[in-house]
>>> print(open('model39.txt').read())   # compact mmCIF, C-alpha atoms
# COMPACT_ATOMS: atom_id res chain seq x y z
CA MET A 1183 28.48 9.62 -117.13
CA THR A 1184 30.55 8.89 -120.21
CA VAL A 1185 30.11 5.51 -121.91
CA ILE A 1186 33.35 4.16 -123.39
CA ARG A 1187 33.43 1.23 -125.79
CA GLN A 1188 36.49 -1.01 -125.36
CA PRO A 1189 38.33 -2.78 -128.25
CA ASP A 1190 36.72 -6.09 -127.24
CA ASN A 1191 33.25 -4.43 -127.49
CA THR A 1192 32.78 -4.30 -123.72
CA ILE A 1193 31.55 -1.06 -122.20
CA LYS A 1194 33.09 0.93 -119.38
CA THR A 1195 31.80 4.13 -117.79
CA GLN A 1196 33.30 7.25 -116.30
CA TRP A 1197 31.86 10.00 -114.10
CA TYR A 1198 31.25 13.03 -116.32
CA SER A 1199 31.49 16.71 -115.50
CA LYS A 1200 30.79 19.51 -117.95
CA SER A 1201 33.72 21.66 -119.02
CA ILE A 1202 31.91 24.74 -117.68
CA ALA A 1203 31.00 23.11 -114.34
CA SER A 1204 32.15 25.17 -111.35
CA GLY A 1205 32.42 22.13 -109.06
CA ARG A 1206 30.50 24.03 -106.40
CA MET A 1207 28.48 22.13 -103.81
CA ILE A 1208 27.43 22.88 -100.24
CA ASN A 1209 30.47 24.51 -98.67
CA PHE A 1210 31.83 23.04 -95.46
CA HIS A 1211 31.55 26.43 -93.71
CA SER A 1212 27.95 27.05 -94.80
CA MET A 1213 25.11 27.23 -92.29
CA HIS A 1214 23.87 23.67 -92.78
CA PRO A 1215 23.59 20.74 -90.37
CA MET A 1216 26.69 18.53 -90.28
CA ASN A 1217 24.73 15.44 -91.33
CA GLN A 1218 23.72 17.20 -94.56
CA LYS A 1219 27.37 18.05 -95.30
CA LEU A 1220 28.38 14.44 -94.62
CA ASN A 1221 25.64 13.26 -96.97
CA VAL A 1222 27.00 15.57 -99.69
CA VAL A 1223 30.45 14.03 -99.30
CA HIS A 1224 29.13 10.47 -99.14
CA ASN A 1225 26.88 10.88 -102.20
CA PHE A 1226 29.63 12.50 -104.25
CA ILE A 1227 32.11 9.73 -103.40
CA THR A 1228 29.51 7.07 -104.23
CA ARG A 1229 28.72 8.66 -107.61
CA VAL A 1230 32.36 8.86 -108.65
CA GLU A 1231 33.15 5.37 -107.37
CA THR A 1232 30.17 3.59 -108.93
CA LEU A 1233 30.07 5.47 -112.25
CA SER A 1234 33.81 5.34 -113.01
CA THR A 1235 34.68 1.80 -114.01
CA ASN A 1236 37.28 3.13 -116.48
CA LEU A 1237 39.49 4.79 -113.84
CA THR A 1238 41.95 3.45 -111.32
CA ASP A 1239 41.42 3.88 -107.60
CA SER A 1240 44.04 6.63 -107.44
CA GLU A 1241 42.38 8.56 -110.29
CA LYS A 1242 38.99 8.33 -108.60
CA GLN A 1243 40.46 9.49 -105.31
CA GLU A 1244 42.15 12.43 -107.05
CA ILE A 1245 38.81 13.59 -108.55
CA ILE A 1246 37.01 13.23 -105.21
CA THR A 1247 39.70 14.97 -103.17
CA THR A 1248 40.11 17.87 -105.61
CA ASN A 1249 36.40 18.68 -105.73
CA LEU A 1250 35.81 18.36 -101.99
CA LEU A 1251 38.90 20.37 -100.99
CA MET A 1252 37.78 23.09 -103.39
CA ASN A 1253 34.63 23.36 -101.26
CA ASP A 1254 36.66 23.63 -98.02
CA TYR A 1255 36.06 20.10 -96.72
CA PRO A 1256 38.96 19.03 -94.43
CA ARG A 1257 41.25 16.39 -95.90
CA ASN A 1258 40.97 14.12 -92.85
CA LEU A 1259 37.15 14.21 -93.15
CA VAL A 1260 37.39 13.31 -96.84
CA ASN A 1261 39.75 10.42 -96.09
CA ARG A 1262 37.45 9.06 -93.37
CA CYS A 1263 34.46 9.17 -95.69
CA LEU A 1264 36.47 7.47 -98.45
CA ASN A 1265 37.41 4.63 -96.12
CA ARG A 1266 33.84 4.30 -94.89
CA VAL A 1267 32.44 4.04 -98.42
CA LYS A 1268 35.04 1.43 -99.36
CA GLU A 1269 34.26 -0.61 -96.25
CA HIS A 1270 30.58 -0.48 -97.07
CA GLN A 1271 31.21 -1.61 -100.64
CA THR A 1272 33.42 -4.44 -99.39
CA ASN A 1273 30.93 -5.70 -96.83
CA ASN A 1274 27.98 -5.11 -99.18
CA THR A 1275 25.51 -5.56 -96.34
CA THR A 1276 21.97 -4.30 -96.43
CA THR A 1277 20.17 -3.39 -93.23
CA VAL A 1278 16.46 -4.12 -93.26
CA ASN A 1279 14.22 -2.21 -90.92
CA ASN A 1280 11.62 -4.61 -89.57
CA SER A 1281 9.87 -2.00 -87.49
CA SER A 1282 6.14 -1.97 -88.12
CA ASN A 1283 5.69 1.56 -86.82
CA ASP A 1284 5.40 4.28 -89.39
CA ILE A 1285 7.90 7.12 -89.03
CA THR A 1286 6.51 10.65 -89.10
CA TYR A 1287 8.80 13.23 -90.68
CA ARG A 1288 8.80 16.87 -89.58
CA SER A 1289 11.13 19.75 -90.41
CA LEU A 1290 12.61 22.52 -88.25
CA PRO A 1291 14.58 25.63 -89.27
CA TYR A 1292 18.27 25.00 -88.70
CA ILE A 1293 19.71 27.11 -85.87
CA PRO A 1294 23.23 26.10 -84.78
CA ALA A 1295 23.36 24.45 -81.35
CA LEU A 1296 19.60 24.82 -80.79
CA THR A 1297 18.14 22.61 -83.54
CA PRO A 1298 20.45 19.62 -82.81
CA ARG A 1299 19.49 19.73 -79.11
CA ILE A 1300 15.77 19.84 -79.92
CA THR A 1301 16.24 16.99 -82.41
CA GLN A 1302 17.98 14.85 -79.78
CA LEU A 1303 15.23 15.48 -77.23
CA ILE A 1304 12.48 14.58 -79.71
CA LYS A 1305 14.36 11.48 -80.87
CA LYS A 1306 14.80 10.36 -77.26
CA ASN A 1307 11.17 10.84 -76.22
CA TYR A 1308 9.45 10.21 -79.55
CA PRO A 1309 11.39 7.59 -81.56
CA ASP A 1310 8.67 7.44 -84.23
CA ILE A 1311 9.25 11.08 -85.20
CA SER A 1312 12.18 12.01 -87.43
CA ILE A 1313 13.25 15.66 -87.50
CA ILE A 1314 14.79 17.05 -90.68
CA ALA A 1315 16.62 20.37 -90.49
CA ARG A 1316 15.92 22.89 -93.22
CA ASN A 1317 17.60 26.13 -94.20
CA ASP A 1318 15.25 29.09 -94.64
CA ASN A 1319 17.93 31.22 -96.31
CA THR A 1320 17.33 29.76 -99.74
CA ILE A 1321 18.26 31.24 -103.11
CA LYS A 1322 14.58 32.06 -103.64
CA ASN A 1323 14.59 34.24 -100.52
CA LEU A 1324 17.99 35.85 -101.15
CA TYR A 1325 17.45 37.03 -104.72
CA THR A 1326 14.83 39.47 -105.90
CA ARG A 1327 11.99 38.20 -108.02
CA ILE A 1328 12.19 39.25 -111.65
CA LYS A 1329 8.68 38.12 -112.52
CA ASP A 1330 5.78 40.57 -112.47
CA PRO A 1331 3.74 40.26 -109.26
CA LEU A 1332 0.42 38.47 -109.55
CA PRO A 1333 -2.69 40.65 -109.43
CA MET A 1334 -4.44 40.50 -106.09
CA ASP A 1335 -7.46 38.60 -107.40
CA HIS A 1336 -5.21 35.92 -108.96
CA ARG A 1337 -3.53 34.94 -105.68
CA HIS A 1338 -4.57 31.97 -103.55
CA ASN A 1339 -3.93 30.30 -100.17
CA LEU A 1340 -4.59 33.53 -98.30
CA ILE A 1341 -6.58 35.23 -95.55
CA TYR A 1342 -8.60 38.22 -96.72
CA CYS A 1343 -10.69 40.94 -95.11
CA LEU A 1344 -13.87 42.61 -96.46
CA GLN A 1345 -15.24 45.85 -95.02
CA CYS A 1346 -18.93 46.55 -94.49
CA LYS A 1347 -20.20 49.65 -96.32
CA ASP A 1348 -22.71 50.57 -93.59
CA CYS A 1349 -20.78 49.94 -90.35
CA ASP A 1350 -17.31 49.27 -88.95
CA GLY A 1351 -17.77 45.51 -89.19
CA SER A 1352 -15.27 43.44 -91.15
CA TYR A 1353 -15.41 39.88 -92.42
CA ILE A 1354 -12.34 37.61 -92.21
CA GLY A 1355 -12.24 34.77 -94.69
CA MET A 1356 -9.83 32.22 -96.12
CA THR A 1357 -9.53 30.66 -99.55
CA SER A 1358 -7.28 28.10 -101.18
CA ASN A 1359 -8.74 29.03 -104.57
CA LEU A 1360 -8.14 32.25 -106.47
CA LEU A 1361 -9.35 35.29 -104.56
CA LYS A 1362 -11.56 36.35 -107.47
CA THR A 1363 -13.31 32.95 -107.33
CA ARG A 1364 -14.06 33.38 -103.62
CA LEU A 1365 -15.26 36.96 -104.09
CA SER A 1366 -17.49 35.77 -106.90
CA GLY A 1367 -19.19 33.44 -104.40
CA HIS A 1368 -19.80 36.32 -101.95
CA ARG A 1369 -21.10 38.49 -104.80
CA SER A 1370 -23.47 35.72 -105.86
CA ASP A 1371 -24.85 35.44 -102.30
CA GLN A 1372 -25.45 39.19 -102.02
CA ASN A 1373 -27.09 39.33 -105.44
CA LYS A 1374 -29.35 36.40 -104.57
CA LEU A 1375 -30.40 38.15 -101.36
CA GLU A 1376 -31.19 41.31 -103.34
CA ARG A 1377 -33.30 39.37 -105.84
CA LEU A 1378 -35.27 37.66 -103.07
CA LEU A 1379 -35.95 40.93 -101.25
CA ASN A 1380 -36.92 42.71 -104.48
CA SER A 1381 -39.33 39.89 -105.37
CA GLY A 1382 -41.31 40.40 -102.15
CA HIS A 1383 -39.57 38.06 -99.71
CA THR A 1384 -38.79 39.27 -96.20
CA HIS A 1385 -35.86 38.60 -93.93
CA GLU A 1386 -37.98 36.10 -91.96
CA ASP A 1387 -38.85 33.91 -94.96
CA ASP A 1388 -37.39 30.40 -95.00
CA THR A 1389 -35.89 31.03 -98.45
CA VAL A 1390 -33.88 33.94 -97.07
CA LYS A 1391 -32.98 32.11 -93.87
CA THR A 1392 -31.33 29.30 -95.83
CA LEU A 1393 -28.70 31.82 -96.97
CA ARG A 1394 -27.67 32.34 -93.34
CA GLU A 1395 -26.07 28.90 -93.28
CA LYS A 1396 -23.44 29.86 -95.87
CA THR A 1397 -21.16 32.48 -94.30
CA ALA A 1398 -21.12 35.04 -91.51
CA LEU A 1399 -20.94 37.70 -94.23
CA ILE A 1400 -24.36 36.95 -95.69
CA THR A 1401 -25.75 36.48 -92.16
CA HIS A 1402 -24.68 40.04 -91.33
CA CYS A 1403 -26.30 41.26 -94.54
CA ILE A 1404 -29.60 39.57 -93.61
CA ASP A 1405 -29.65 40.63 -89.94
CA TYR A 1406 -28.71 44.28 -90.43
CA ASP A 1407 -29.58 44.85 -94.11
CA HIS A 1408 -25.96 45.89 -94.71
CA ARG A 1409 -23.77 45.23 -97.74
CA PHE A 1410 -20.04 44.57 -98.10
CA ASP A 1411 -17.63 46.24 -100.50
CA LEU A 1412 -16.36 43.34 -102.62
CA THR A 1413 -14.30 45.60 -104.90
CA LYS A 1414 -11.70 46.43 -102.22
CA PRO A 1415 -10.58 43.23 -100.48
CA THR A 1416 -7.53 43.34 -98.24
CA ILE A 1417 -5.07 40.44 -98.08
CA ILE A 1418 -3.95 40.23 -94.46
CA ASP A 1419 -2.04 36.94 -94.54
CA GLU A 1420 -0.70 34.41 -97.03
CA THR A 1421 0.90 30.98 -96.88
CA GLN A 1422 2.27 28.28 -99.15
CA LYS A 1423 0.72 25.52 -97.02
CA LYS A 1424 -3.01 25.10 -97.45
CA THR A 1425 -3.32 23.16 -94.19
CA ILE A 1426 -2.29 26.23 -92.15
CA LEU A 1427 -5.14 28.39 -93.46
CA PRO A 1428 -7.76 27.37 -90.82
CA PHE A 1429 -5.35 28.21 -88.00
CA LEU A 1430 -4.43 31.58 -89.53
CA GLU A 1431 -8.11 32.39 -90.00
CA MET A 1432 -8.82 31.65 -86.32
CA VAL A 1433 -5.91 33.86 -85.26
CA TRP A 1434 -7.06 36.82 -87.34
CA ILE A 1435 -10.71 36.47 -86.28
CA HIS A 1436 -9.61 36.36 -82.67
CA ASN A 1437 -7.37 39.39 -83.15
CA GLN A 1438 -9.88 41.52 -85.11
CA GLU A 1439 -12.07 43.49 -82.72
CA THR A 1440 -14.57 44.54 -85.42
CA SER A 1441 -14.91 41.05 -86.90
CA ILE A 1442 -18.48 39.94 -87.62
CA ASN A 1443 -17.42 36.29 -87.88
CA LYS A 1444 -19.09 33.77 -85.64
CA ARG A 1445 -17.34 33.15 -82.36
CA THR A 1446 -17.58 29.41 -83.05
CA ASP A 1447 -14.94 29.96 -85.76
CA THR A 1448 -12.31 30.33 -83.03
CA GLU A 1449 -13.32 27.39 -80.83
CA GLY A 1450 -10.47 25.29 -82.20
CA LEU A 1451 -7.86 27.85 -81.11
CA ASN A 1452 -5.83 26.61 -78.15
CA THR A 1453 -5.99 28.82 -75.06
CA ASN A 1454 -2.19 29.08 -75.01
CA TYR A 1455 -2.29 30.64 -78.46
CA SER A 1456 -5.06 32.97 -77.35
CA GLU A 1457 -2.93 34.40 -74.53
CA ILE A 1458 0.05 34.90 -76.86
CA ILE A 1459 -2.15 36.54 -79.51
CA ASN A 1460 -3.67 38.89 -76.92
CA LYS A 1461 -0.21 39.99 -75.78
CA ILE A 1462 0.94 40.55 -79.36
CA HIS A 1463 -2.23 42.49 -80.12
CA THR A 1464 -1.73 44.69 -77.02
CA LEU A 1465 1.90 45.40 -77.95
CA MET A 1466 1.03 46.17 -81.57
CA THR A 1467 -1.81 48.51 -80.51
CA ARG A 1468 0.52 50.33 -78.12
CA ARG A 1469 3.19 50.59 -80.82
CA ASN A 1470 0.74 52.01 -83.36
CA THR A 1471 -0.51 54.55 -80.83
CA ILE A 1472 3.05 55.73 -80.14
CA LEU A 1473 3.80 55.99 -83.87
CA GLN A 1474 0.65 58.05 -84.47
CA SER A 1475 1.45 60.41 -81.60
CA ASN A 1476 5.01 60.89 -82.90
CA ARG A 1477 3.71 61.75 -86.35
CA GLN A 1478 1.38 64.35 -84.91
>>> encode(input="model39.txt", output="structure tokens")
Amino acid sequence: MTVIRQPDNTIKTQWYSKSIASGRMINFHSMHPMNQKLNVVHNFITRVETLSTNLTDSEKQEIITTNLLMNDYPRNLVNRCLNRVKEHQTNNTTTVNNSSNDITYRSLPYIPALTPRITQLIKKNYPDISIIARNDNTIKNLYTRIKDPLPMDHRHNLIYCLQCKDCDGSYIGMTSNLLKTRLSGHRSDQNKLERLLNSGHTHEDDTVKTLREKTALITHCIDYDHRFDLTKPTIIDETQKKTILPFLEMVWIHNQETSINKRTDTEGLNTNYSEIINKIHTLMTRRNTILQSNRQ
């Protein structure tokens, strides 16, 4: 805002916009929930009204109307929101929520007609859950990335696969740290096993058996005297949410026929997910078979 000193040394303010400002905000015809569009209008009106003590009501209304009409908001909607904000400022009432229950917030991708219906059903049956619609078509997803991609070993929050050098077995793992840090741990375990065996220990010694408790990878190395290729990891899944990693790991272990992971790693996977994953796996296998036969 602009601060204006009056002749009597009092200060008045005025909503400020840069000379190069485009005045663009969420367009009325954009694929956003209506409540988000109404919030845009309400917040813009409130900013202009509260920050412009140096303007008359008609001048404020002219600024508000010009900017909102430029973004395709209907005039009758703008007028209704103007009246609502003025009524709220006149009444100056504050509603206090005395509910002791904590509200849980969750988000859903915004799909016209579908998301509002789901939100209403959840609100009706679960009043303590508040659903916020989100738009997955963000600027980040629409524009190409100009930054150089990160090297594989510098990525994190991912599911990776390691192949055994001596058999068809594969190890599925997850890490929220850098991949190179996790691989360093596997390399340390294999090197420690080698040192113990070279120093005269056998696979039945207690010192070697303690390594079995670490990962299914080192257990496979002890049981079959195999080794894994740690120089060629494969990233099979990636996420921005660390909390989803255990679920993704269970899915991939369940879906990988040659996985040497312990079956207990998939005990937390719901049976409904298991059936869906099996169907997807069957369809993908059939699709790959058809593609290979077409290539031949």
>>> residues_near_point(input="model39.txt", point="(26.7, 17.1, -100.5)", cutoff="10 Å", atoms="only C-alpha atoms", output="list in words")
Arg1206, Met1207, Ile1208, Asn1209, Phe1210, Asn1217, Gln1218, Lys1219, Leu1220, Asn1221, Val1222, Val1223, His1224, Asn1225, Phe1226, Ile1227 and Leu1250 of chain A
>>> closest_residue(input="model39.txt", among="A:Ile1418, A:Val1390, A:Leu1324, A:Ile1285", to="Ile1341 in chain A", atoms="only C-alpha atoms")
A:Ile1418
>>> residues_around(input="model39.txt", residues="range 1366-1381 of chain A", least_positions_apart="2", cutoff="9 Å", atoms="all atoms listed in the file", output="VMD selection string")
chain A and resid 1361 to 1364 1383 to 1385 1389 to 1390 1393 1396 to 1397 1399 to 1400 1403 to 1404 1409 to 1410 1412
>>> write_last_selection(input="model39.txt", atoms="C-alpha atoms", output="compact mmCIF listing (two decimals), in the frame of the given file")
# COMPACT_ATOMS: atom_id res chain seq x y z
CA LEU A 1361 -9.35 35.29 -104.56
CA LYS A 1362 -11.56 36.35 -107.47
CA THR A 1363 -13.31 32.95 -107.33
CA ARG A 1364 -14.06 33.38 -103.62
CA HIS A 1383 -39.57 38.06 -99.71
CA THR A 1384 -38.79 39.27 -96.20
CA HIS A 1385 -35.86 38.60 -93.93
CA THR A 1389 -35.89 31.03 -98.45
CA VAL A 1390 -33.88 33.94 -97.07
CA LEU A 1393 -28.70 31.82 -96.97
CA LYS A 1396 -23.44 29.86 -95.87
CA THR A 1397 -21.16 32.48 -94.30
CA LEU A 1399 -20.94 37.70 -94.23
CA ILE A 1400 -24.36 36.95 -95.69
CA CYS A 1403 -26.30 41.26 -94.54
CA ILE A 1404 -29.60 39.57 -93.61
CA ARG A 1409 -23.77 45.23 -97.74
CA PHE A 1410 -20.04 44.57 -98.10
CA LEU A 1412 -16.36 43.34 -102.62
>>> atom_distance(input="model39.txt", atom1="CA of Val1260 in chain A", atom2="CA of Ile1293 in chain A")
25.0 Å
>>> residues_around(input="model39.txt", residues="Thr1440 in chain A", least_positions_apart="3", cutoff="8 Å", atoms="all atoms listed in the file", output="mmCIF file with C-alpha atoms, keeping the file's coordinate frame")
data_model
loop_
_atom_site.group_PDB
_atom_site.id
_atom_site.type_symbol
_atom_site.label_atom_id
_atom_site.label_comp_id
_atom_site.auth_asym_id
_atom_site.auth_seq_id
_atom_site.Cartn_x
_atom_site.Cartn_y
_atom_site.Cartn_z
ATOM 1 C CA ASP A 1350 -17.310 49.270 -88.950
ATOM 2 C CA GLY A 1351 -17.770 45.510 -89.190
ATOM 3 C CA SER A 1352 -15.270 43.440 -91.150
#
>>> atom_distance(input="model39.txt", atom1="CA of Pro1331 in chain A", atom2="CA of Ile1417 in chain A")
14.2 Å
>>> closest_residue(input="model39.txt", among="A:Lys1414, A:Lys1194, A:His1270, A:Lys1200", to="Thr1228 in chain A", atoms="all atoms listed in the file")
A:His1270
